[in-house]
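> Input upload-v9.cif, format and content: mmCIF, C-alpha atoms, pLDDT in the B column; chains and numbers go by the auth columns.
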```cif
data_final
loop_
_atom_site.group_PDB
_atom_site.id
_atom_site.type_symbol
_atom_site.label_atom_id
_atom_site.label_comp_id
_atom_site.label_asym_id
_atom_site.label_seq_id
_atom_site.Cartn_x
_atom_site.Cartn_y
_atom_site.Cartn_z
_atom_site.B_iso_or_equiv
_atom_site.auth_seq_id
_atom_site.auth_asym_id
ATOM 1 C CA MET A 1 0.000 0.000 0.000 45.00 20 Q
ATOM 2 C CA SER A 2 0.942 3.626 -0.254 46.00 21 Q
ATOM 3 C CA ASP A 3 4.223 4.479 1.448 40.00 22 Q
ATOM 4 C CA ILE A 4 3.753 8.229 1.749 39.00 23 Q
ATOM 5 C CA GLY A 5 3.421 9.801 5.137 40.00 24 Q
ATOM 6 C CA GLU A 6 0.608 12.225 4.459 47.00 25 Q
ATOM 7 C CA THR A 7 -2.051 13.060 1.898 48.00 26 Q
ATOM 8 C CA MET A 8 -0.821 14.400 -1.434 65.00 27 Q
ATOM 9 C CA GLN A 9 -1.996 17.863 -2.432 77.00 28 Q
ATOM 10 C CA TYR A 10 -4.590 16.876 -5.008 87.00 29 Q
ATOM 11 C CA SER A 11 -6.298 19.510 -7.124 89.00 30 Q
ATOM 12 C CA ASP A 12 -9.979 20.340 -6.639 92.00 31 Q
ATOM 13 C CA LYS A 13 -10.782 18.576 -9.916 93.00 32 Q
ATOM 14 C CA GLN A 14 -8.851 15.458 -8.930 94.00 33 Q
ATOM 15 C CA MET A 15 -10.767 15.334 -5.651 95.00 34 Q
ATOM 16 C CA LYS A 16 -14.092 15.903 -7.407 96.00 35 Q
ATOM 17 C CA ASP A 17 -13.300 13.141 -9.895 97.00 36 Q
ATOM 18 C CA GLY A 18 -12.125 10.941 -7.030 97.00 37 Q
ATOM 19 C CA ARG A 19 -15.401 11.321 -5.165 97.00 38 Q
ATOM 20 C CA ALA A 20 -17.351 10.572 -8.337 97.00 39 Q
ATOM 21 C CA ARG A 21 -15.167 7.533 -9.076 97.00 40 Q
ATOM 22 C CA LEU A 22 -15.724 6.224 -5.555 97.00 41 Q
ATOM 23 C CA LYS A 23 -19.497 6.696 -5.797 97.00 42 Q
ATOM 24 C CA ARG A 24 -19.567 4.939 -9.181 97.00 43 Q
ATOM 25 C CA LEU A 25 -17.401 1.963 -8.251 97.00 44 Q
ATOM 26 C CA LEU A 26 -18.337 1.412 -4.609 96.00 45 Q
ATOM 27 C CA PRO A 27 -21.562 -0.635 -5.116 95.00 46 Q
ATOM 28 C CA GLU A 28 -19.839 -3.177 -7.366 96.00 47 Q
ATOM 29 C CA ALA A 29 -16.770 -3.308 -5.105 94.00 48 Q
ATOM 30 C CA ARG A 30 -18.942 -4.006 -2.064 92.00 49 Q
ATOM 31 C CA ALA A 31 -20.772 -6.748 -3.971 91.00 50 Q
ATOM 32 C CA TYR A 32 -17.401 -8.274 -4.897 89.00 51 Q
ATOM 33 C CA ALA A 33 -16.306 -8.138 -1.247 87.00 52 Q
ATOM 34 C CA ARG A 34 -19.476 -9.829 0.021 85.00 53 Q
ATOM 35 C CA LYS A 35 -18.969 -12.639 -2.486 85.00 54 Q
ATOM 36 C CA ALA A 36 -15.248 -12.905 -1.680 81.00 55 Q
ATOM 37 C CA MET A 37 -16.034 -13.296 2.029 76.00 56 Q
ATOM 38 C CA ARG A 38 -17.601 -16.672 1.198 73.00 57 Q
ATOM 39 C CA ASN A 39 -14.367 -17.841 -0.435 69.00 58 Q
ATOM 40 C CA PRO A 40 -12.210 -19.643 2.179 58.00 59 Q
ATOM 41 C CA ASP A 41 -9.096 -19.047 0.077 60.00 60 Q
ATOM 42 C CA ILE A 42 -9.382 -15.242 0.297 58.00 61 Q
ATOM 43 C CA GLN A 43 -7.022 -13.733 2.843 55.00 62 Q
ATOM 44 C CA MET A 44 -6.142 -10.104 3.519 53.00 63 Q
ATOM 45 C CA GLN A 45 -2.524 -9.235 4.140 52.00 64 Q
ATOM 46 C CA ILE A 46 -1.262 -5.845 5.325 49.00 65 Q
ATOM 47 C CA ASN A 47 2.501 -5.780 4.843 48.00 66 Q
ATOM 48 C CA THR A 48 3.591 -2.571 6.537 52.00 67 Q
ATOM 49 C CA ALA A 49 3.366 -1.195 10.059 52.00 68 Q
ATOM 50 C CA LYS A 50 1.698 1.932 8.677 59.00 69 Q
ATOM 51 C CA GLY A 51 -0.869 -0.215 6.916 60.00 70 Q
ATOM 52 C CA MET A 52 -1.638 -2.105 10.119 61.00 71 Q
ATOM 53 C CA ALA A 53 -2.151 1.177 11.993 67.00 72 Q
ATOM 54 C CA THR A 54 -4.610 2.336 9.323 77.00 73 Q
ATOM 55 C CA GLN A 55 -6.354 -1.029 9.031 79.00 74 Q
ATOM 56 C CA ARG A 56 -8.947 -0.532 11.778 79.00 75 Q
ATOM 57 C CA PHE A 57 -10.133 2.741 10.215 87.00 76 Q
ATOM 58 C CA ILE A 58 -10.952 1.057 6.914 90.00 77 Q
ATOM 59 C CA ARG A 59 -14.738 1.204 6.763 90.00 78 Q
ATOM 60 C CA ALA A 60 -16.866 1.868 3.707 93.00 79 Q
ATOM 61 C CA ASP A 61 -18.525 4.830 5.429 93.00 80 Q
ATOM 62 C CA ASN A 62 -15.056 6.274 6.084 95.00 81 Q
ATOM 63 C CA PHE A 63 -13.998 6.257 2.415 96.00 82 Q
ATOM 64 C CA ARG A 64 -13.516 9.796 1.114 96.00 83 Q
ATOM 65 C CA ALA A 65 -12.366 9.579 -2.499 97.00 84 Q
ATOM 66 C CA LEU A 66 -10.688 7.232 -4.984 97.00 85 Q
ATOM 67 C CA VAL A 67 -8.146 9.420 -6.732 97.00 86 Q
ATOM 68 C CA VAL A 68 -6.156 8.642 -9.865 96.00 87 Q
ATOM 69 C CA TYR A 69 -3.321 11.055 -10.557 95.00 88 Q
ATOM 70 C CA ARG A 70 0.174 11.322 -11.955 93.00 89 Q
ATOM 71 C CA THR A 71 3.531 12.727 -10.854 92.00 90 Q
ATOM 72 C CA PRO A 72 6.786 13.003 -12.816 91.00 91 Q
ATOM 73 C CA ARG A 73 7.381 9.350 -11.866 91.00 92 Q
ATOM 74 C CA GLY A 74 4.153 7.927 -13.251 94.00 93 Q
ATOM 75 C CA TRP A 75 0.513 7.179 -12.430 95.00 94 Q
ATOM 76 C CA TYR A 76 -1.017 6.340 -9.041 95.00 95 Q
ATOM 77 C CA ALA A 77 -4.326 5.327 -7.478 96.00 96 Q
ATOM 78 C CA ASP A 78 -5.163 6.243 -3.875 95.00 97 Q
ATOM 79 C CA LEU A 79 -8.144 5.555 -1.654 96.00 98 Q
ATOM 80 C CA LEU A 80 -8.480 8.426 0.827 96.00 99 Q
ATOM 81 C CA LEU A 81 -10.104 8.042 4.227 95.00 100 Q
ATOM 82 C CA LYS A 82 -12.270 10.708 5.842 94.00 101 Q
ATOM 83 C CA GLN A 83 -11.135 10.467 9.439 90.00 102 Q
ATOM 84 C CA VAL A 84 -8.036 9.022 11.069 90.00 103 Q
ATOM 85 C CA PRO A 85 -6.247 10.187 14.234 89.00 104 Q
ATOM 86 C CA PRO A 86 -2.954 12.107 14.093 87.00 105 Q
ATOM 87 C CA GLY A 87 -0.041 9.857 13.246 84.00 106 Q
ATOM 88 C CA VAL A 88 -2.086 7.481 11.078 85.00 107 Q
ATOM 89 C CA SER A 89 -1.949 7.685 7.287 84.00 108 Q
ATOM 90 C CA ASP A 90 -5.245 8.533 5.589 90.00 109 Q
ATOM 91 C CA VAL A 91 -4.130 7.055 2.251 89.00 110 Q
ATOM 92 C CA MET A 92 -4.180 3.452 1.041 89.00 111 Q
ATOM 93 C CA GLY A 93 -2.941 3.033 -2.501 90.00 112 Q
ATOM 94 C CA THR A 94 -0.129 2.627 -4.980 91.00 113 Q
ATOM 95 C CA PRO A 95 3.329 2.652 -3.352 88.00 114 Q
ATOM 96 C CA MET A 96 5.116 5.823 -4.408 86.00 115 Q
ATOM 97 C CA SER A 97 8.131 3.760 -5.444 87.00 116 Q
ATOM 98 C CA MET A 98 6.017 1.597 -7.786 92.00 117 Q
ATOM 99 C CA PRO A 99 4.079 3.901 -10.143 94.00 118 Q
ATOM 100 C CA HIS A 100 1.983 2.649 -13.037 96.00 119 Q
ATOM 101 C CA GLU A 101 3.055 3.510 -16.572 96.00 120 Q
ATOM 102 C CA THR A 102 -0.357 4.609 -17.851 96.00 121 Q
ATOM 103 C CA ARG A 103 -3.601 6.067 -16.605 96.00 122 Q
ATOM 104 C CA GLU A 104 -5.406 2.911 -17.699 97.00 123 Q
ATOM 105 C CA GLU A 105 -3.226 0.803 -15.405 97.00 124 Q
ATOM 106 C CA ALA A 106 -3.865 3.196 -12.518 96.00 125 Q
ATOM 107 C CA GLU A 107 -7.621 3.093 -13.137 97.00 126 Q
ATOM 108 C CA GLU A 108 -7.527 -0.711 -13.048 97.00 127 Q
ATOM 109 C CA ALA A 109 -5.470 -0.573 -9.847 96.00 128 Q
ATOM 110 C CA ALA A 110 -8.072 1.762 -8.315 97.00 129 Q
ATOM 111 C CA VAL A 111 -10.746 -0.902 -8.833 96.00 130 Q
ATOM 112 C CA HIS A 112 -8.613 -3.567 -7.139 94.00 131 Q
ATOM 113 C CA ILE A 113 -7.711 -1.270 -4.245 94.00 132 Q
ATOM 114 C CA LEU A 114 -11.350 -0.460 -3.610 95.00 133 Q
ATOM 115 C CA GLN A 115 -12.337 -4.119 -3.767 93.00 134 Q
ATOM 116 C CA SER A 116 -9.635 -5.041 -1.252 90.00 135 Q
ATOM 117 C CA MET A 117 -10.566 -2.222 1.101 91.00 136 Q
ATOM 118 C CA CYS A 118 -14.262 -3.149 0.909 91.00 137 Q
ATOM 119 C CA LEU A 119 -13.276 -6.678 1.896 86.00 138 Q
ATOM 120 C CA GLN A 120 -11.259 -5.275 4.810 85.00 139 Q
ATOM 121 C CA SER A 121 -14.244 -3.128 5.777 87.00 140 Q
ATOM 122 C CA ILE A 122 -16.472 -6.187 6.050 83.00 141 Q
ATOM 123 C CA MET A 123 -13.842 -7.950 8.134 77.00 142 Q
ATOM 124 C CA ASN A 124 -13.563 -4.938 10.438 74.00 143 Q
ATOM 125 C CA GLU A 125 -17.321 -4.945 10.985 72.00 144 Q
ATOM 126 C CA GLY A 126 -17.010 -8.425 12.461 61.00 145 Q
ATOM 127 C CA LEU A 127 -14.133 -7.623 14.780 50.00 146 Q
ATOM 128 C CA VAL A 128 -14.678 -7.068 18.486 42.00 147 Q
ATOM 129 C CA SER A 129 -11.553 -5.741 20.165 45.00 148 Q
ATOM 130 C CA ASP A 130 -10.278 -3.295 22.742 43.00 149 Q
ATOM 131 C CA GLY A 131 -9.596 -0.185 20.716 44.00 150 Q
ATOM 132 C CA SER A 132 -7.114 1.207 23.235 43.00 151 Q
ATOM 133 C CA LYS A 133 -4.914 -1.881 22.876 48.00 152 Q
ATOM 134 C CA ALA A 134 -5.040 -1.670 19.076 61.00 153 Q
ATOM 135 C CA ASP A 135 -4.226 2.048 18.929 79.00 154 Q
ATOM 136 C CA VAL A 136 -0.549 1.923 18.047 81.00 155 Q
ATOM 137 C CA ARG A 137 0.744 4.422 15.489 86.00 156 Q
ATOM 138 C CA PRO A 138 4.081 3.393 13.948 85.00 157 Q
ATOM 139 C CA PHE A 139 6.583 6.167 13.287 90.00 158 Q
ATOM 140 C CA LYS A 140 9.505 5.545 10.930 90.00 159 Q
ATOM 141 C CA LEU A 141 12.719 6.937 12.400 93.00 160 Q
ATOM 142 C CA PHE A 142 15.313 6.447 9.659 93.00 161 Q
ATOM 143 C CA ASN A 143 15.069 2.652 9.153 91.00 162 Q
ATOM 144 C CA ILE A 144 13.489 1.867 12.530 90.00 163 Q
ATOM 145 C CA SER A 145 9.768 1.504 13.200 87.00 164 Q
ATOM 146 C CA MET A 146 8.859 3.244 16.474 86.00 165 Q
ATOM 147 C CA PRO A 147 5.473 2.052 17.852 85.00 166 Q
ATOM 148 C CA LEU A 148 3.830 5.110 19.419 88.00 167 Q
ATOM 149 C CA PRO A 149 0.799 4.693 21.717 87.00 168 Q
ATOM 150 C CA GLY A 150 -2.147 6.618 20.311 86.00 169 Q
ATOM 151 C CA ASP A 151 -2.792 8.306 23.663 86.00 170 Q
ATOM 152 C CA ALA A 152 0.748 9.701 23.729 87.00 171 Q
ATOM 153 C CA VAL A 153 0.374 11.190 20.237 89.00 172 Q
ATOM 154 C CA ASP A 154 -3.058 12.637 21.022 88.00 173 Q
ATOM 155 C CA LEU A 155 -1.713 14.389 24.120 86.00 174 Q
ATOM 156 C CA CYS A 156 0.545 16.477 21.866 87.00 175 Q
ATOM 157 C CA VAL A 157 -2.333 17.830 19.768 85.00 176 Q
ATOM 158 C CA PRO A 158 -3.759 20.309 22.345 85.00 177 Q
ATOM 159 C CA VAL A 159 -0.289 21.791 22.809 79.00 178 Q
ATOM 160 C CA MET A 160 -0.466 23.215 19.280 77.00 179 Q
ATOM 161 C CA ALA A 161 -3.711 24.988 20.128 74.00 180 Q
ATOM 162 C CA ILE A 162 -2.351 26.295 23.446 79.00 181 Q
ATOM 163 C CA THR A 163 0.792 27.710 21.832 79.00 182 Q
ATOM 164 C CA GLY A 164 -1.107 29.101 18.857 82.00 183 Q
ATOM 165 C CA GLN A 165 1.017 27.193 16.345 82.00 184 Q
ATOM 166 C CA THR A 166 -0.313 26.093 13.005 87.00 185 Q
ATOM 167 C CA VAL A 167 0.167 22.432 12.092 86.00 186 Q
ATOM 168 C CA MET A 168 2.991 23.329 9.688 88.00 187 Q
ATOM 169 C CA GLU A 169 4.701 25.532 12.293 91.00 188 Q
ATOM 170 C CA ALA A 170 4.465 22.738 14.860 91.00 189 Q
ATOM 171 C CA ARG A 171 5.783 20.232 12.324 91.00 190 Q
ATOM 172 C CA THR A 172 8.755 22.406 11.401 93.00 191 Q
ATOM 173 C CA TYR A 173 9.580 22.865 15.073 92.00 192 Q
ATOM 174 C CA ALA A 174 9.260 19.157 15.910 93.00 193 Q
ATOM 175 C CA LEU A 175 11.343 18.084 12.906 95.00 194 Q
ATOM 176 C CA SER A 176 14.103 20.554 13.753 96.00 195 Q
ATOM 177 C CA ARG A 177 14.173 19.328 17.360 95.00 196 Q
ATOM 178 C CA LEU A 178 14.223 15.709 16.193 96.00 197 Q
ATOM 179 C CA GLU A 179 17.035 16.427 13.737 96.00 198 Q
ATOM 180 C CA GLU A 180 19.118 18.059 16.480 96.00 199 Q
ATOM 181 C CA ALA A 181 18.463 15.256 18.956 96.00 200 Q
ATOM 182 C CA CYS A 182 19.332 12.496 16.481 96.00 201 Q
ATOM 183 C CA ALA A 183 22.590 14.243 15.544 97.00 202 Q
ATOM 184 C CA ARG A 184 23.508 14.719 19.206 96.00 203 Q
ATOM 185 C CA ILE A 185 22.578 11.199 20.311 95.00 204 Q
ATOM 186 C CA GLY A 186 24.038 9.537 17.223 95.00 205 Q
ATOM 187 C CA ILE A 187 20.990 8.156 15.414 96.00 206 Q
ATOM 188 C CA ASP A 188 21.033 7.882 11.626 95.00 207 Q
ATOM 189 C CA GLU A 189 20.185 5.530 8.756 94.00 208 Q
ATOM 190 C CA THR A 190 22.732 2.987 10.039 95.00 209 Q
ATOM 191 C CA THR A 191 21.141 2.742 13.512 94.00 210 Q
ATOM 192 C CA THR A 192 19.462 -0.569 14.288 90.00 211 Q
ATOM 193 C CA ILE A 193 16.895 -1.573 16.898 85.00 212 Q
ATOM 194 C CA GLU A 194 19.723 -3.191 18.847 87.00 213 Q
ATOM 195 C CA ASP A 195 21.673 0.095 18.765 89.00 214 Q
ATOM 196 C CA MET A 196 18.635 1.941 20.091 88.00 215 Q
ATOM 197 C CA ALA A 197 18.346 -0.530 22.962 83.00 216 Q
ATOM 198 C CA ASP A 198 21.851 0.434 24.059 88.00 217 Q
ATOM 199 C CA LYS A 199 21.005 4.142 24.305 89.00 218 Q
ATOM 200 C CA PRO A 200 20.474 5.671 27.788 91.00 219 Q
ATOM 201 C CA ASP A 201 16.892 5.887 29.043 88.00 220 Q
ATOM 202 C CA ALA A 202 16.975 9.689 28.918 89.00 221 Q
ATOM 203 C CA ASP A 203 17.812 9.561 25.194 92.00 222 Q
ATOM 204 C CA HIS A 204 15.015 7.043 24.585 88.00 223 Q
ATOM 205 C CA GLU A 205 12.521 9.295 26.352 89.00 224 Q
ATOM 206 C CA GLU A 206 13.616 12.369 24.398 92.00 225 Q
ATOM 207 C CA ILE A 207 13.377 10.622 21.017 94.00 226 Q
ATOM 208 C CA PHE A 208 10.028 9.067 21.948 91.00 227 Q
ATOM 209 C CA ARG A 209 8.618 12.462 22.950 90.00 228 Q
ATOM 210 C CA LEU A 210 9.827 14.153 19.765 94.00 229 Q
ATOM 211 C CA CYS A 211 8.462 11.347 17.573 93.00 230 Q
ATOM 212 C CA CYS A 212 5.063 11.788 19.251 91.00 231 Q
ATOM 213 C CA MET A 213 5.227 15.555 18.678 92.00 232 Q
ATOM 214 C CA THR A 214 6.008 15.013 15.015 93.00 233 Q
ATOM 215 C CA ALA A 215 3.324 12.344 14.556 91.00 234 Q
ATOM 216 C CA ALA A 216 0.759 14.722 16.072 91.00 235 Q
ATOM 217 C CA THR A 217 1.282 16.956 13.021 90.00 236 Q
ATOM 218 C CA ASN A 218 0.421 14.030 10.685 87.00 237 Q
ATOM 219 C CA CYS A 219 4.048 13.519 9.674 88.00 238 Q
ATOM 220 C CA ILE A 220 4.881 9.887 10.386 88.00 239 Q
ATOM 221 C CA GLU A 221 8.510 9.626 9.355 90.00 240 Q
ATOM 222 C CA PHE A 222 11.912 11.230 9.827 94.00 241 Q
ATOM 223 C CA PRO A 223 13.683 12.221 7.710 93.00 242 Q
ATOM 224 C CA VAL A 224 10.739 13.174 5.512 87.00 243 Q
ATOM 225 C CA SER A 225 11.065 11.139 2.316 77.00 244 Q
ATOM 226 C CA GLU A 226 11.370 12.547 -1.152 68.00 245 Q
ATOM 227 C CA TRP A 227 7.847 11.296 -1.885 62.00 246 Q
ATOM 228 C CA ALA A 228 6.305 13.955 0.365 58.00 247 Q
ATOM 229 C CA ALA A 229 7.506 16.693 -1.979 56.00 248 Q
ATOM 230 C CA GLU A 230 6.435 14.890 -5.148 65.00 249 Q
ATOM 231 C CA GLU A 231 4.538 17.194 -7.495 69.00 250 Q
ATOM 232 C CA VAL A 232 1.047 16.103 -8.503 75.00 251 Q
ATOM 233 C CA LEU A 233 0.547 16.941 -12.164 79.00 252 Q
ATOM 234 C CA ASP A 234 -2.586 17.993 -13.977 70.00 253 Q
ATOM 235 C CA ASP A 235 -4.380 15.372 -15.992 69.00 254 Q
ATOM 236 C CA PRO A 236 -3.286 15.871 -19.614 62.00 255 Q
ATOM 237 C CA LYS A 237 -6.846 15.016 -20.709 62.00 256 Q
ATOM 238 C CA ASP A 238 -8.023 18.252 -19.060 54.00 257 Q
ATOM 239 C CA GLY A 239 -6.142 20.299 -21.613 46.00 258 Q
ATOM 240 C CA SER A 240 -4.093 21.999 -18.907 42.00 259 Q
ATOM 241 C CA ALA A 241 -0.922 20.009 -19.543 39.00 260 Q
ATOM 242 C CA PRO A 242 0.893 18.455 -22.516 35.00 261 Q
ATOM 243 C CA SER A 243 -0.970 15.524 -24.019 32.00 262 Q
ATOM 244 C CA ALA A 244 1.896 13.066 -23.784 32.00 263 Q
ATOM 245 C CA GLU A 245 1.592 10.575 -20.933 33.00 264 Q
ATOM 246 C CA LEU A 246 4.519 9.523 -18.822 30.00 265 Q
#
```
In structure tokens, how does this file's structure come out?

Amino acid sequence: MSDIGETMQYSDKQMKDGRARLKRLLPEARAYARKAMRNPDIQMQINTAKGMATQRFIRADNFRALVVYRTPRGWYADLLLKQVPPGVSDVMGTPMSMPHETREEAEEAAVHILQSMCLQSIMNEGLVSDGSKADVRPFKLFNISMPLPGDAVDLCVPVMAITGQTVMEARTYALSRLEEACARIGIDETTTIEDMADKPDADHEEIFRLCCMTAATNCIEFPVSEWAAEEVLDDPKDGSAPSAEL
């Protein structure tokens, strides 16, 4: 599923088309999912920690839009969710590192994504669990997955309101603090989980606190990957961009 840390900046038209696409395809996708539930060979597999954190928010009534778009790398399909807590991705879709070559391929992928998420939605409806135990929001610190308790992330949200910071101001501040702390403590892309275990408790607490602060701004990785700055291009079929596809 999508490996970006936050929602792309889609255009108004892309969002409008995405809502229309979702409305058009959802009935058939839900019918597919109901039929698939009777197949004992069907199994859902979420491969990433971010995907597992998002999994419990996958409900058909929480689907926002099914967007197909392109960047300089290629074409993508994303299913956007309406509501997720801070530190949980609201996008399930094409991995940014694996774009499709054509719009047609992305449109086909959108159908499959929606079918899979409708199947997950039905599964979620049958789950009975303690939500507090399931509320873990993974944060990627270089190459390490940091499991952050949802309560700890949520506690950071009111601080932004108290200090009068915007989300972007709070994010910039948290990222700068995290960058300074990692440089001082000696955490980088070569650091392993075992290395982290050898760090003093005070360093663990500082990094944990800063990761929670950053996650509260809906940024769930450090350093921020190149995908976050990827430009979303206009659809060439709209006449606002060259007609050649990537």
> Care to translate the PyMOL selection byres ((chain Q and resi 133-136) around 9) into actual residues of this file, as a PyMOL selection string?
chain Q and resi 41+44-45+47-52+63+77-79+85+98+111+128-132+137-141
> What does the PyMOL selection byres ((chain Q and resi 199-207) around 9) select in this file, as an NGL selection string?
:Q and (160-162 or 194-198 or 208-211 or 214-215 or 218 or 222 or 225-226 or 229)
> Interatomic distance between atom CA of Met142 of chain Q and atom CA of Phe82 of chain Q?
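Interatomic distance here is 15.3 Å.
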> Taking the file as shown, find all residues satisfying the PyMOL selection byres ((chain Q and resi 94) around 7) and write them as a list in words.
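When the PyMOL selection byres ((chain Q and resi 94) around 7) is applied to the shown file, the picked residues are Tyr88, Arg89, Thr90, Gly93, Tyr95, Pro118, His119, Glu120, Thr121, Arg122 and Ala125 of chain Q.
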> Just to confirm, what's the straight-line distance from atom CA of Asp170 of chain Q to atom CA of Pro157 of chain Q in Å (one decimal)?
12.9 Å
> Any idea what's packed within 10 Å of Phe227 of chain Q, counting only C-alpha atoms, ignoring anything in its chain fewer than 5 positions away? Could you give it as a ChimeraX atom specification?
/Q:158,165-167,171,197,221-222,232-233
> Give the answer as one residue: which of Q:Arg43, Q:Arg57, Q:Lys101, Q:Arg38 has the shortest atom-to-atom distance to Asn81 of chain Q, using only C-alpha atoms?
Q:Lys101
> Please measure the separation of atom CA of Pro105 of chain Q and atom CA of Thr236 of chain Q, giving the value in Å to one decimal.
6.5 Å
> Determine, counting only C-alpha atoms, which protein, DNA and RNA residues have an atom within 10 Å of an atom of Gln33 of chain Q; residues of the same chain fewer than 3 positions away are not included. Present the result as a short mmCIF file (atom, residue, chain, number, x, y, z; two decimals) with C-alpha atoms, keeping the file's coordinate frame.

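Output file result-v6.cif follows:
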```cif
data_model
loop_
_atom_site.label_atom_id
_atom_site.label_comp_id
_atom_site.auth_asym_id
_atom_site.auth_seq_id
_atom_site.Cartn_x
_atom_site.Cartn_y
_atom_site.Cartn_z
CA GLN Q 28 -2.00 17.86 -2.43
CA TYR Q 29 -4.59 16.88 -5.01
CA SER Q 30 -6.30 19.51 -7.12
CA ASP Q 36 -13.30 13.14 -9.90
CA GLY Q 37 -12.12 10.94 -7.03
CA ARG Q 38 -15.40 11.32 -5.16
CA ALA Q 39 -17.35 10.57 -8.34
CA ALA Q 84 -12.37 9.58 -2.50
CA LEU Q 85 -10.69 7.23 -4.98
CA VAL Q 86 -8.15 9.42 -6.73
CA VAL Q 87 -6.16 8.64 -9.86
CA TYR Q 88 -3.32 11.06 -10.56
CA VAL Q 251 1.05 16.10 -8.50
CA ASP Q 253 -2.59 17.99 -13.98
CA ASP Q 254 -4.38 15.37 -15.99
#
```
> Given all atoms listed in the file as the basis, pick out the residue of Q:Ala193, Q:Ala55, Q:Ala180, Q:Val103 nearest to Phe76 of chain Q.
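Smallest separation from Phe76 of chain Q among the options: Q:Val103.
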